[in-house]
Amino acid sequence: MQDESASKTAFARAIPSIDEILRSAAAIELESVVGREETADIIRTIVEKIRTGSEFDQDDVSREAIFERITQLIKQVLAADRLGRMQRVINATGVVIHTNLGRSKLSAETVIAACAAADYCNLEFDLESGRRGRRGSSAERALASITGAEDAIIVNNCAAAAFLVLSVYGRDGEVIVSRGELVEIGGDFRIPDILERSGARLREVGTTNRTKLADYERAICERTRLILRVHPSNYRIIGFTESPSLAELARLAHKHGLIVFEDAGSGAIVDLSRFGLDEPVIRDSIAAGADIVTFSGDKLLGASQAGLIVGRTETISKLRKDPLFRALRPDKITYAILESAFRAYAKDQAFETMPTLRYLSMSLSEIVERVNSFVERSSDKLRPGTTLTIIPGGSAVGGGAAPGVELPTALIAVEHSNIAADDIARYFRMLDTPVIGRLAEGRFLIDLRTVEPEDEDIIGDGLVGLSS
Ligand SMILES: *Cc1c(COP(=O)(O)O)cnc(C)c1O
């Protein structure tokens with residue numbers, strides 16, 4: 001009995017003090033990352049775990065062994081912290097609008113605009129008169145101009161845009177929607193739920209695959225507030241289908257003194273049909289007579305998260321005056337990024353400067369050329385066991401746009417004689433700049449479509465480091 005408590009005391013004495021551990025190199029590194037208080041907390045937890053755990057033989061304690069174990073545990077915390085924080089990754093999946101990887105990559109110009117706005121800026125200040133100006137007005141003007149709309153307003157995201165429009169125009173009334181458009185986008189955005197929350201009642205018409213103009217007309221009554229058209233985005237109904245054109249819906253709505261609202265989802269500023277994308281072009285929707293059109297800022301448009309709302313002067317003005325708008329308005333950085341992106345479109349430079357459009361429009365021959373040169377450059381440096389194979393494949397548009405559309409690409413399959421594909425993928429995720437590829441049919445695949453040429457070396461160096 002006496003012996004046991006004596007050895008326990010010896011063990012307790014062998015455990016370094018918190019202060020002593022705080023002076024170790026690992027703890028100093030951790031402190032530089034999470035601060036002193038958090039470091040001390042973490043160390044206390046580690047020490048407690050060692051003190052009460054059975055890792056060490058209580059009779060045969062080596063102070064060095066305990067210190068080494070503590071250092072190891074601190075390093076594990078550091079590693080977890082490094083992976084856990086928000087950071088740049090290389091998107092080698094080829095999915096252009098990759099929702100999990102932040103949807104769109106911003107252009108260099110928009111990043112410069114964002115940095116400028118990070119300083120004090122004229123967000124709500126008119127430089128001409130020296131008086132208060134309207135927040136976001138220059139971005140809104142640029143947006144209206146590239147979509148051919150009379151006016152525009154910007155909120156946090158497209159879900160917020162739909163919510164604002166339905167709340168302001170549908171509240172306490174009925175909103176007519178085709179059954180084929182009661183869609184769910186990305187799991188947590190469901191048209192029926194947003195409608196219910198906005199205080200509007202859903203009036204479903206037609207069937208999943210066919211809805212006629214007459215179905216809409218029959219549903220119009222004194223409670224009707226607006227006709228909603230939703231672009232199904234992430235799925236398509238094909239085969240025996242029918243739905244009236246937006247222009248027909250607009251004529252019908254206007255005849256009854258109602259408005260037509262189109263939720264275009266991704267929405268394109270310029271026609272992208274030559275890349276196989278049949279996404280609504282916002283300018284066309286406005287020309288067809290839609291009173292309000294909403295779409296996302298970070299999908300096909302290629303800028304940052306935002307809900308873009310365009311339409312007629314009076315319709316937009318009513319949205320701007322609603323108290324809900326104040327709760328949904330974006331930050332100054334968002335306005336700066338968007339304004340810069342809208343101007344790229346206005347100057348016809350979007351396909352050169354904006355990554356999303358550059359990647360979408362990249363030709364197969366350009367990709368093949370880059371892939372060949374990459375594989376040639378890398379092959380000599382690979383460790384034994386690693387092989388690269390070029391295979392044909394497709395890149396997805398992503399972001400819930402253009403389902404089923406595959407942009408032809410050339411993929412690099414990375415294989416290793418004794419490392420499984422999953423482990424290769426994990427190895428690339430753990431790099432200082434994580435590289436995210438694709439796993440398909442038991443292989444780790446790299447698609448250079450969404451990789452900037454100057455980032456290819458990061459992948460190349462990663463390949464060289466791949467060994468069992
Ligand atoms: C993506 C999408 C939304 C949601 O847009 P967020 O910007 O992600 O909020 C809403 N409606 C449609 C039709 C969409 O495709």
# chains A, B, ... in the order shown; residues from 1 in each chain; ligands from 1
>>> closest_atom_pairs(of="chain A", to="ligand 1", cutoff="7 Å", atoms="only C-alpha atoms and all ligand atoms", output="Markdown table")
| residue | atom | partner | partner_atom_place_in_ligand_line | distance |
| --- | --- | --- | --- | --- |
| A:Asn157 | CA | ligand 1 | 7 (O) | 4.1 |
| A:Cys158 | CA | ligand 1 | 7 (O) | 3.7 |
| A:Ala159 | CA | ligand 1 | 9 (O) | 3.8 |
| A:Ala160 | CA | ligand 1 | 9 (O) | 6.4 |
| A:Ile185 | CA | ligand 1 | 2 (C) | 5.9 |
| A:Phe189 | CA | ligand 1 | 4 (C) | 6.6 |
| A:Val230 | CA | ligand 1 | 13 (C) | 5.6 |
| A:His231 | CA | ligand 1 | 13 (C) | 5.0 |
| A:Pro232 | CA | ligand 1 | 13 (C) | 5.8 |
| A:Ser233 | CA | ligand 1 | 15 (O) | 4.7 |
| A:Asn234 | CA | ligand 1 | 15 (O) | 6.9 |
| A:Asp263 | CA | ligand 1 | 13 (C) | 5.3 |
| A:Ala264 | CA | ligand 1 | 13 (C) | 5.3 |
| A:Gly265 | CA | ligand 1 | 15 (O) | 3.2 |
| A:Ser266 | CA | ligand 1 | 15 (O) | 5.1 |
| A:Phe295 | CA | ligand 1 | 5 (O) | 6.8 |
| A:Ser296 | CA | ligand 1 | 7 (O) | 4.3 |
| A:Gly297 | CA | ligand 1 | 7 (O) | 6.6 |
| A:Asp298 | CA | ligand 1 | 7 (O) | 6.9 |
| A:Gln305 | CA | ligand 1 | 7 (O) | 6.1 |
| A:Ala306 | CA | ligand 1 | 7 (O) | 5.9 |
| A:Gly307 | CA | ligand 1 | 7 (O) | 5.6 |
| A:Gly399 | CA | ligand 1 | 1 (C) | 7.0 |
| A:Gly400 | CA | ligand 1 | 15 (O) | 6.0 |
| A:Ala401 | CA | ligand 1 | 15 (O) | 6.9 |
>>> write_last_selection(atoms="C-alpha atoms", output="short mmCIF file (atom, residue, chain, number, x, y, z; two decimals), in the first residue's frame")
data_model
loop_
_atom_site.label_atom_id
_atom_site.label_comp_id
_atom_site.auth_asym_id
_atom_site.auth_seq_id
_atom_site.Cartn_x
_atom_site.Cartn_y
_atom_site.Cartn_z
CA ASN A 157 -27.33 34.99 -51.58
CA CYS A 158 -29.92 33.75 -54.02
CA ALA A 159 -31.95 32.05 -51.28
CA ALA A 160 -32.19 35.43 -49.52
CA ILE A 185 -31.53 22.93 -54.45
CA PHE A 189 -33.17 25.26 -50.13
CA VAL A 230 -38.09 28.48 -61.03
CA HIS A 231 -35.22 27.26 -63.10
CA PRO A 232 -34.85 23.62 -62.00
CA SER A 233 -31.02 24.03 -61.93
CA ASN A 234 -29.79 20.68 -60.71
CA ASP A 263 -35.64 32.43 -59.90
CA ALA A 264 -32.96 31.71 -62.49
CA GLY A 265 -30.62 30.04 -59.98
CA SER A 266 -27.25 30.06 -61.61
CA PHE A 295 -29.69 34.61 -59.54
CA SER A 296 -26.50 33.75 -57.69
CA GLY A 297 -23.28 35.75 -57.64
CA ASP A 298 -20.95 32.79 -57.23
CA GLN A 305 -21.70 34.75 -52.79
CA ALA A 306 -24.60 37.10 -53.44
CA GLY A 307 -28.23 37.15 -54.46
CA GLY A 399 -22.90 24.35 -58.53
CA GLY A 400 -26.22 22.81 -59.44
CA ALA A 401 -25.93 24.15 -62.98
#
>>> residues_around(residues="range 147-151 of chain A", least_positions_apart="6", cutoff="6 Å", atoms="only C-alpha atoms", output="VMD selection string")
chain A and resid 282 to 283 310 to 313
>>> select_by_dssp(residues="range 174-326 of chain A", states="strand (DSSP E)", output="JSON, numbers by chain")
{"A": [174, 175, 176, 177, 178, 184, 185, 189, 190, 201, 202, 203, 204, 205, 224, 225, 226, 227, 228, 229, 230, 259, 260, 261, 262, 263, 264, 265, 292, 293, 294, 295, 296, 307, 308, 309, 310, 311]}
>>> residues_around(residues="range 11-14 of chain A", least_positions_apart="3", cutoff="10 Å", atoms="only C-alpha atoms", output="ChimeraX atom specification")
/A:5-8,17,50-52,56-67
>>> write_last_selection(atoms="N, CA and C atoms", output="PDB file, in the first residue's frame")
ATOM      1  N   SER A   5       1.584   4.134  -3.251  1.00  0.00           N
ATOM      2  CA  SER A   5       1.393   5.582  -3.206  1.00  0.00           C
ATOM      3  C   SER A   5       2.722   6.299  -3.397  1.00  0.00           C
ATOM      4  N   ALA A   6       3.800   5.683  -2.963  1.00  0.00           N
ATOM      5  CA  ALA A   6       5.125   6.274  -3.164  1.00  0.00           C
ATOM      6  C   ALA A   6       5.457   6.365  -4.642  1.00  0.00           C
ATOM      7  N   SER A   7       5.173   5.270  -5.408  1.00  0.00           N
ATOM      8  CA  SER A   7       5.500   5.284  -6.835  1.00  0.00           C
ATOM      9  C   SER A   7       4.597   6.267  -7.579  1.00  0.00           C
ATOM     10  N   LYS A   8       3.351   6.391  -7.111  1.00  0.00           N
ATOM     11  CA  LYS A   8       2.434   7.347  -7.732  1.00  0.00           C
ATOM     12  C   LYS A   8       2.972   8.765  -7.584  1.00  0.00           C
ATOM     13  N   SER A  17       6.053  20.402 -15.296  1.00  0.00           N
ATOM     14  CA  SER A  17       5.051  21.401 -14.930  1.00  0.00           C
ATOM     15  C   SER A  17       4.529  22.096 -16.191  1.00  0.00           C
ATOM     16  N   ILE A  50      -2.349  12.272 -19.361  1.00  0.00           N
ATOM     17  CA  ILE A  50      -1.184  11.444 -19.035  1.00  0.00           C
ATOM     18  C   ILE A  50      -1.216  11.031 -17.561  1.00  0.00           C
ATOM     19  N   ARG A  51      -1.600  11.985 -16.711  1.00  0.00           N
ATOM     20  CA  ARG A  51      -1.609  11.724 -15.274  1.00  0.00           C
ATOM     21  C   ARG A  51      -2.617  10.633 -14.904  1.00  0.00           C
ATOM     22  N   THR A  52      -3.766  10.667 -15.539  1.00  0.00           N
ATOM     23  CA  THR A  52      -4.817   9.715 -15.176  1.00  0.00           C
ATOM     24  C   THR A  52      -4.837   8.495 -16.085  1.00  0.00           C
ATOM     25  N   PHE A  56       1.675   5.097 -19.212  1.00  0.00           N
ATOM     26  CA  PHE A  56       3.010   4.912 -18.639  1.00  0.00           C
ATOM     27  C   PHE A  56       2.981   3.957 -17.450  1.00  0.00           C
ATOM     28  N   ASP A  57       4.018   3.197 -17.369  1.00  0.00           N
ATOM     29  CA  ASP A  57       4.186   2.314 -16.237  1.00  0.00           C
ATOM     30  C   ASP A  57       4.565   3.199 -15.040  1.00  0.00           C
ATOM     31  N   GLN A  58       3.662   3.205 -14.043  1.00  0.00           N
ATOM     32  CA  GLN A  58       3.826   4.155 -12.948  1.00  0.00           C
ATOM     33  C   GLN A  58       5.081   3.903 -12.104  1.00  0.00           C
ATOM     34  N   ASP A  59       5.605   2.650 -12.194  1.00  0.00           N
ATOM     35  CA  ASP A  59       6.784   2.335 -11.368  1.00  0.00           C
ATOM     36  C   ASP A  59       8.080   2.653 -12.088  1.00  0.00           C
ATOM     37  N   ASP A  60       8.002   2.763 -13.397  1.00  0.00           N
ATOM     38  CA  ASP A  60       9.236   2.931 -14.147  1.00  0.00           C
ATOM     39  C   ASP A  60       9.089   4.149 -15.047  1.00  0.00           C
ATOM     40  N   VAL A  61       9.135   5.312 -14.457  1.00  0.00           N
ATOM     41  CA  VAL A  61       8.856   6.524 -15.213  1.00  0.00           C
ATOM     42  C   VAL A  61      10.145   7.207 -15.670  1.00  0.00           C
ATOM     43  N   SER A  62      10.119   7.557 -16.926  1.00  0.00           N
ATOM     44  CA  SER A  62      11.232   8.357 -17.425  1.00  0.00           C
ATOM     45  C   SER A  62      10.670   9.711 -17.796  1.00  0.00           C
ATOM     46  N   ARG A  63      11.236  10.723 -17.200  1.00  0.00           N
ATOM     47  CA  ARG A  63      10.819  12.099 -17.453  1.00  0.00           C
ATOM     48  C   ARG A  63      10.897  12.434 -18.942  1.00  0.00           C
ATOM     49  N   GLU A  64      11.971  11.940 -19.580  1.00  0.00           N
ATOM     50  CA  GLU A  64      12.176  12.215 -21.015  1.00  0.00           C
ATOM     51  C   GLU A  64      11.048  11.608 -21.838  1.00  0.00           C
ATOM     52  N   ALA A  65      10.675  10.384 -21.475  1.00  0.00           N
ATOM     53  CA  ALA A  65       9.620   9.691 -22.232  1.00  0.00           C
ATOM     54  C   ALA A  65       8.302  10.453 -22.110  1.00  0.00           C
ATOM     55  N   ILE A  66       8.027  10.953 -20.921  1.00  0.00           N
ATOM     56  CA  ILE A  66       6.783  11.711 -20.719  1.00  0.00           C
ATOM     57  C   ILE A  66       6.833  13.011 -21.526  1.00  0.00           C
ATOM     58  N   PHE A  67       7.974  13.676 -21.463  1.00  0.00           N
ATOM     59  CA  PHE A  67       8.103  14.938 -22.196  1.00  0.00           C
ATOM     60  C   PHE A  67       7.946  14.713 -23.699  1.00  0.00           C
TER      61      PHE A  67
END
>>> closest_residue(among="A:Tyr427, A:Tyr345, A:Tyr216, A:Phe240", to="Ala253 in chain A", atoms="only C-alpha atoms")
A:Tyr216
>>> residues_around(residues="Arg443 in chain A", least_positions_apart="6", cutoff="10 Å", atoms="only C-alpha atoms", output="PyMOL selection string")
chain A and resi 412-416+420-422+424-425
>>> atom_distance(atom1="CA of Leu78 in chain A", atom2="CA of Asp423 in chain A")
21.2 Å
>>> atom_distance(atom1="CA of Ala336 in chain A", atom2="CA of Ala139 in chain A")
7.4 Å
>>> closest_atom_pairs(of="range 225-317 of chain A", to="range 206-210 of chain A", cutoff="7 Å", atoms="only C-alpha atoms", output="JSON lines")
{"residue": "A:Ile237", "atom": "CA", "partner": "A:Asn209", "partner_atom": "CA", "distance": 6.6}
{"residue": "A:Phe240", "atom": "CA", "partner": "A:Asn209", "partner_atom": "CA", "distance": 6.8}
{"residue": "A:Thr241", "atom": "CA", "partner": "A:Asn209", "partner_atom": "CA", "distance": 4.9}
{"residue": "A:Glu242", "atom": "CA", "partner": "A:Arg210", "partner_atom": "CA", "distance": 4.5}
{"residue": "A:Ser243", "atom": "CA", "partner": "A:Arg210", "partner_atom": "CA", "distance": 6.0}
>>> closest_residue(among="A:Glu68, A:Glu20, A:Asp291, A:Asp119", to="Tyr169 in chain A", atoms="only C-alpha atoms")
A:Asp291
>>> select_by_dssp(residues="range 5-247 of chain A", states="alpha helix (DSSP H)", output="PyMOL selection string")
chain A and resi 5-14+18-22+25-34+36-52+63-84+108-118+137-147+158-170+191-197+213-219+246-247
>>> residues_around(residues="Phe275 in chain A", least_positions_apart="5", cutoff="10 Å", atoms="only C-alpha atoms", output="PyMOL selection string")
chain A and resi 360-363+405-407
>>> write_last_selection(atoms="C-alpha atoms", output="short mmCIF file (atom, residue, chain, number, x, y, z; two decimals), in the first residue's frame")
data_model
loop_
_atom_site.label_atom_id
_atom_site.label_comp_id
_atom_site.auth_asym_id
_atom_site.auth_seq_id
_atom_site.Cartn_x
_atom_site.Cartn_y
_atom_site.Cartn_z
CA LEU A 360 -15.77 26.55 -68.70
CA SER A 361 -14.57 27.68 -72.09
CA MET A 362 -11.19 25.90 -72.04
CA SER A 363 -10.80 23.76 -75.14
CA VAL A 405 -23.27 18.28 -69.03
CA GLU A 406 -19.70 17.03 -69.27
CA LEU A 407 -16.98 19.21 -70.69
#
>>> atom_distance(atom1="CA of Glu204 in chain A", atom2="CA of Ala152 in chain A")
28.5 Å
>>> closest_residue(among="A:Pro192, A:Pro453, A:Gly393, A:Gly102", to="Arg88 in chain A", atoms="only C-alpha atoms")
A:Gly102
>>> closest_residue(among="A:Leu143, A:Thr315, A:Ile259, A:Ala219", to="Ala346 in chain A", atoms="only C-alpha atoms")
A:Leu143
>>> closest_residue(among="A:Val205, A:Ala116, A:Ala144, A:Ile191", to="Ile309 in chain A", atoms="only C-alpha atoms")
A:Ala144
